[in-house]
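A quick write-up on the structure given underneath.
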Amino acid sequence: MTVSIRQIHPGFVGEASGLDLARPLAATDRAALQTAIDELAVLVFRDQRLDDERQLAFTRHFGEIEHGAGGHIAKPEQSRLDPGMIDVSNLDQDGRPLARDDRRRMFNLGNRLWHSDSSYRVVPAKYSLLSARTVARRGGNTEFADMRAAYDGLDAATQADIDELVCEHSLLHSRGALGFTELSAEERAMFRPVRQRLVRRHPATGRKSLFLSAHAGAIIGWPVPEARAFLRDLTEHATAPPFVHVHEWRPFDLVMWDNRQTMHRVRRFDETEPRDMRRTTIAGDAPTAPQAPG
Ligand code: OGA
Ligand code: MN
């Protein structure tokens, strides 16, 4: 069977059907998915009963797996999942919901803010693939915003003002915005800021997009308050309803998105119940900007 893709939002997001992702992927289907993710930036696959191994195998069709080191406060030995799998659930190692004031849960609350995955890394992520194993009964939607449409929607003068700007991104900034500031010296060193261009051009389509994220906390050469005020304005513009698609999870959905062209966030849900979401991530190809010396 060959894949077919139906666009489900006027600007982006395709729903793919006709594929069982647990089975080997034909070269023609792989190529069709590559074109679709380039153009639509988010792909939804329903009813995909993947285990971790099969999720990793499907993910590898799109590049090298990004590993999670340096992106979390949880220690590797606290991990519920194998290396290569990013645990986006609210669960501890025994599969029980984390306590309300558990540090790991509070850190994960950063996913409620609009972001692009791993924009705090020198080489930010290319694709993320999120598999829903257990969904929240109420709430817990994931929202996606199209950063190409957001860029296109800016006036020409603003586009010219921002085309060459470089921002600093750090987990210290996104967590600080929520008041999560109790970090060890080691964690602070791990989360030191990296530089990212504010406007990116997609290598396949040539479309420009805004590279925003909750991790962005400074613009090189700008006073910090001015940069933060402006980044807030841009984020407000970029996440306005016309640019947003809301994904309502069903069990065994898999959603794949291009972090170079979109932002996403999760909405509030009842965290006393399990929500088991597992992510695999494809690493980006290169830094978007030269890094600070030293
Ligand atoms: C992610 C993420 C949101 C969610 O996996 O990168 O931000 O819905 N997840 O859990
Ligand atoms: Mn994310």
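Naming works like this for the structure tokens: A, B, ... for the chains as they're shown, residue 1 at the start of each chain, ligands 1 onward in shown order.
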
Contact check, chain A to ligand 2, at most 10 Å, counting only C-alpha atoms and all ligand atoms, closest pairs as JSON lines:
{"residue": "A:Val88", "atom": "CA", "partner": "ligand 2", "partner_atom_place_in_ligand_line": "1 (Mn)", "distance": 8.3}
{"residue": "A:Asn108", "atom": "CA", "partner": "ligand 2", "partner_atom_place_in_ligand_line": "1 (Mn)", "distance": 9.5}
{"residue": "A:Gly110", "atom": "CA", "partner": "ligand 2", "partner_atom_place_in_ligand_line": "1 (Mn)", "distance": 8.7}
{"residue": "A:Asn111", "atom": "CA", "partner": "ligand 2", "partner_atom_place_in_ligand_line": "1 (Mn)", "distance": 5.7}
{"residue": "A:Arg112", "atom": "CA", "partner": "ligand 2", "partner_atom_place_in_ligand_line": "1 (Mn)", "distance": 8.8}
{"residue": "A:Leu113", "atom": "CA", "partner": "ligand 2", "partner_atom_place_in_ligand_line": "1 (Mn)", "distance": 9.0}
{"residue": "A:Trp114", "atom": "CA", "partner": "ligand 2", "partner_atom_place_in_ligand_line": "1 (Mn)", "distance": 8.4}
{"residue": "A:His115", "atom": "CA", "partner": "ligand 2", "partner_atom_place_in_ligand_line": "1 (Mn)", "distance": 6.4}
{"residue": "A:Ser116", "atom": "CA", "partner": "ligand 2", "partner_atom_place_in_ligand_line": "1 (Mn)", "distance": 6.2}
{"residue": "A:Asp117", "atom": "CA", "partner": "ligand 2", "partner_atom_place_in_ligand_line": "1 (Mn)", "distance": 4.8}
{"residue": "A:Ser118", "atom": "CA", "partner": "ligand 2", "partner_atom_place_in_ligand_line": "1 (Mn)", "distance": 7.9}
{"residue": "A:Ser119", "atom": "CA", "partner": "ligand 2", "partner_atom_place_in_ligand_line": "1 (Mn)", "distance": 9.9}
{"residue": "A:Ser128", "atom": "CA", "partner": "ligand 2", "partner_atom_place_in_ligand_line": "1 (Mn)", "distance": 7.9}
{"residue": "A:Leu129", "atom": "CA", "partner": "ligand 2", "partner_atom_place_in_ligand_line": "1 (Mn)", "distance": 9.9}
{"residue": "A:Leu130", "atom": "CA", "partner": "ligand 2", "partner_atom_place_in_ligand_line": "1 (Mn)", "distance": 9.1}
{"residue": "A:Thr142", "atom": "CA", "partner": "ligand 2", "partner_atom_place_in_ligand_line": "1 (Mn)", "distance": 9.4}
{"residue": "A:Ser213", "atom": "CA", "partner": "ligand 2", "partner_atom_place_in_ligand_line": "1 (Mn)", "distance": 9.9}
{"residue": "A:Trp257", "atom": "CA", "partner": "ligand 2", "partner_atom_place_in_ligand_line": "1 (Mn)", "distance": 10.0}
{"residue": "A:Asn259", "atom": "CA", "partner": "ligand 2", "partner_atom_place_in_ligand_line": "1 (Mn)", "distance": 8.9}
{"residue": "A:Met263", "atom": "CA", "partner": "ligand 2", "partner_atom_place_in_ligand_line": "1 (Mn)", "distance": 8.2}
{"residue": "A:His264", "atom": "CA", "partner": "ligand 2", "partner_atom_place_in_ligand_line": "1 (Mn)", "distance": 6.4}
{"residue": "A:Arg265", "atom": "CA", "partner": "ligand 2", "partner_atom_place_in_ligand_line": "1 (Mn)", "distance": 6.6}
{"residue": "A:Val266", "atom": "CA", "partner": "ligand 2", "partner_atom_place_in_ligand_line": "1 (Mn)", "distance": 8.1}
{"residue": "A:Arg279", "atom": "CA", "partner": "ligand 2", "partner_atom_place_in_ligand_line": "1 (Mn)", "distance": 8.8}
{"residue": "A:Thr281", "atom": "CA", "partner": "ligand 2", "partner_atom_place_in_ligand_line": "1 (Mn)", "distance": 9.9}

Neighbouring residues of Asp161 in chain A were defined as those with any atom within 12 Å, considering only C-alpha atoms; residues of the same chain fewer than 5 positions away were excluded. Please report them as a PyMOL selection string.
chain A and resi 154-156+166+198-199+230

Which residue gives the smallest distance to ligand 1 among A:His61, A:His237, A:Arg201, A:Arg105, with only C-alpha atoms and all ligand atoms counted?
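Distance minimum relative to ligand 1 lands on A:Arg105.
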
Taking into account only C-alpha atoms and all ligand atoms, which residue in the set A:Thr235, A:Gln291, A:Ser131, A:Gln7 is nearest to ligand 1?
A:Ser131

Under the rule of at most 12 Å, produce a per-residue listing of range 180-245 of chain A near range 41-54 of chain A: chain, number, name, the closest pair of atoms, and the distance in Å, as a tab-separated table, using only C-alpha atoms.
residue	atom	partner	partner_atom	distance
A:His202	CA	A:Ala41	CA	10.5
A:Ala204	CA	A:Ala41	CA	11.6
A:Thr205	CA	A:Ala41	CA	10.9
A:Arg207	CA	A:Ala41	CA	11.4
A:Ser209	CA	A:Ala41	CA	11.3
A:Val244	CA	A:Val42	CA	11.4
A:His245	CA	A:Val42	CA	9.5

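Comparing A:Ile282, A:Ala292, A:Leu21, A:Ala218 by their smallest distance to ligand 1, the closest is A:Ile282 (using only C-alpha atoms and all ligand atoms).
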
Can you tell me which residues surround His173 in chain A at a distance of at most 8 Å, considering only C-alpha atoms, apart from same-chain residues fewer than 4 positions away, and format the answer as a tab-separated table (two decimals) with all heavy atoms, in the first residue's frame?
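Output saved as selection_3.tsv:
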chain	number	residue	atom	x	y	z
A	169	HIS	N	19.95	31.12	23.07
A	169	HIS	CA	18.94	30.19	23.59
A	169	HIS	C	19.56	29.38	24.73
A	169	HIS	O	20.69	28.92	24.62
A	169	HIS	CB	18.51	29.21	22.50
A	169	HIS	CG	17.73	29.80	21.36
A	169	HIS	ND1	16.52	29.30	20.95
A	169	HIS	CD2	17.99	30.86	20.55
A	169	HIS	CE1	16.06	30.01	19.92
A	169	HIS	NE2	16.93	30.95	19.65
A	177	ALA	N	11.80	31.48	33.11
A	177	ALA	CA	10.52	32.16	32.82
A	177	ALA	C	9.39	31.57	33.66
A	177	ALA	O	8.40	32.24	33.93
A	177	ALA	CB	10.19	32.06	31.34
A	214	ALA	N	10.89	29.24	23.47
A	214	ALA	CA	10.92	29.74	24.86
A	214	ALA	C	12.35	29.82	25.40
A	214	ALA	O	12.62	30.53	26.37
A	214	ALA	CB	10.10	28.82	25.75
A	215	HIS	N	13.27	29.10	24.77
A	215	HIS	CA	14.66	29.12	25.22
A	215	HIS	C	15.38	30.42	24.83
A	215	HIS	O	16.44	30.72	25.37
A	215	HIS	CB	15.42	27.93	24.63
A	215	HIS	CG	14.72	26.62	24.83
A	215	HIS	ND1	14.32	26.17	26.07
A	215	HIS	CD2	14.33	25.66	23.95
A	215	HIS	CE1	13.71	25.00	25.93
A	215	HIS	NE2	13.70	24.67	24.65
A	216	ALA	N	14.82	31.18	23.89
A	216	ALA	CA	15.49	32.40	23.41
A	216	ALA	C	15.34	33.51	24.45
A	216	ALA	O	14.21	33.87	24.81
A	216	ALA	CB	14.89	32.84	22.07
A	217	GLY	N	16.46	34.04	24.91
A	217	GLY	CA	16.41	35.04	25.98
A	217	GLY	C	17.23	36.28	25.70
A	217	GLY	O	17.30	37.19	26.53

With a distance cut-off of 12 Å and only C-alpha atoms, select the neighbouring residues of His67 in chain A, excluding the residue or stretch itself and same-chain residues fewer than 5 positions from it, and output the selection as a ChimeraX atom specification.
/A:56,72,76,82-87,118,121,123-125,128,279-284

Mind dumping the selected residues with C-alpha atoms as an mmCIF file, in the first residue's frame?
data_model
loop_
_atom_site.group_PDB
_atom_site.id
_atom_site.type_symbol
_atom_site.label_atom_id
_atom_site.label_comp_id
_atom_site.auth_asym_id
_atom_site.auth_seq_id
_atom_site.Cartn_x
_atom_site.Cartn_y
_atom_site.Cartn_z
ATOM 1 C CA LEU A 56 13.504 4.104 16.615
ATOM 2 C CA HIS A 72 17.544 17.449 31.257
ATOM 3 C CA PRO A 76 20.620 8.853 33.172
ATOM 4 C CA ASP A 82 16.388 3.272 26.611
ATOM 5 C CA PRO A 83 18.961 5.674 25.162
ATOM 6 C CA GLY A 84 17.635 7.398 22.056
ATOM 7 C CA MET A 85 14.117 7.577 23.521
ATOM 8 C CA ILE A 86 13.153 10.891 25.136
ATOM 9 C CA ASP A 87 10.668 10.480 27.949
ATOM 10 C CA SER A 118 16.738 21.421 21.307
ATOM 11 C CA ARG A 121 21.830 22.987 21.561
ATOM 12 C CA VAL A 123 23.083 22.027 16.585
ATOM 13 C CA PRO A 124 19.325 22.210 17.121
ATOM 14 C CA ALA A 125 17.053 19.276 16.306
ATOM 15 C CA SER A 128 10.794 15.140 16.448
ATOM 16 C CA ARG A 279 9.822 11.048 21.620
ATOM 17 C CA THR A 280 12.553 10.233 19.170
ATOM 18 C CA THR A 281 14.517 13.074 17.648
ATOM 19 C CA ILE A 282 16.556 13.521 14.494
ATOM 20 C CA ALA A 283 19.656 15.665 14.957
ATOM 21 C CA GLY A 284 20.140 18.782 12.855
#

Write down as number ranges by chain the residues of range 67-262 of chain A whose backbone DSSP state falls under helix (DSSP H, G or I).
A: 76-78, 103-112, 147-152, 156-162, 171-177, 185-190, 224-238, 241-243

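For the residues A:Ala31, A:Val224, A:Ala145, A:Ala132, ranking by smallest atom-to-atom distance to ligand 1 using only C-alpha atoms and all ligand atoms places A:Ala132 first.
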
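Atom to atom, CA of Arg268 in chain A and CA of Arg137 in chain A stand 11.4 Å apart.
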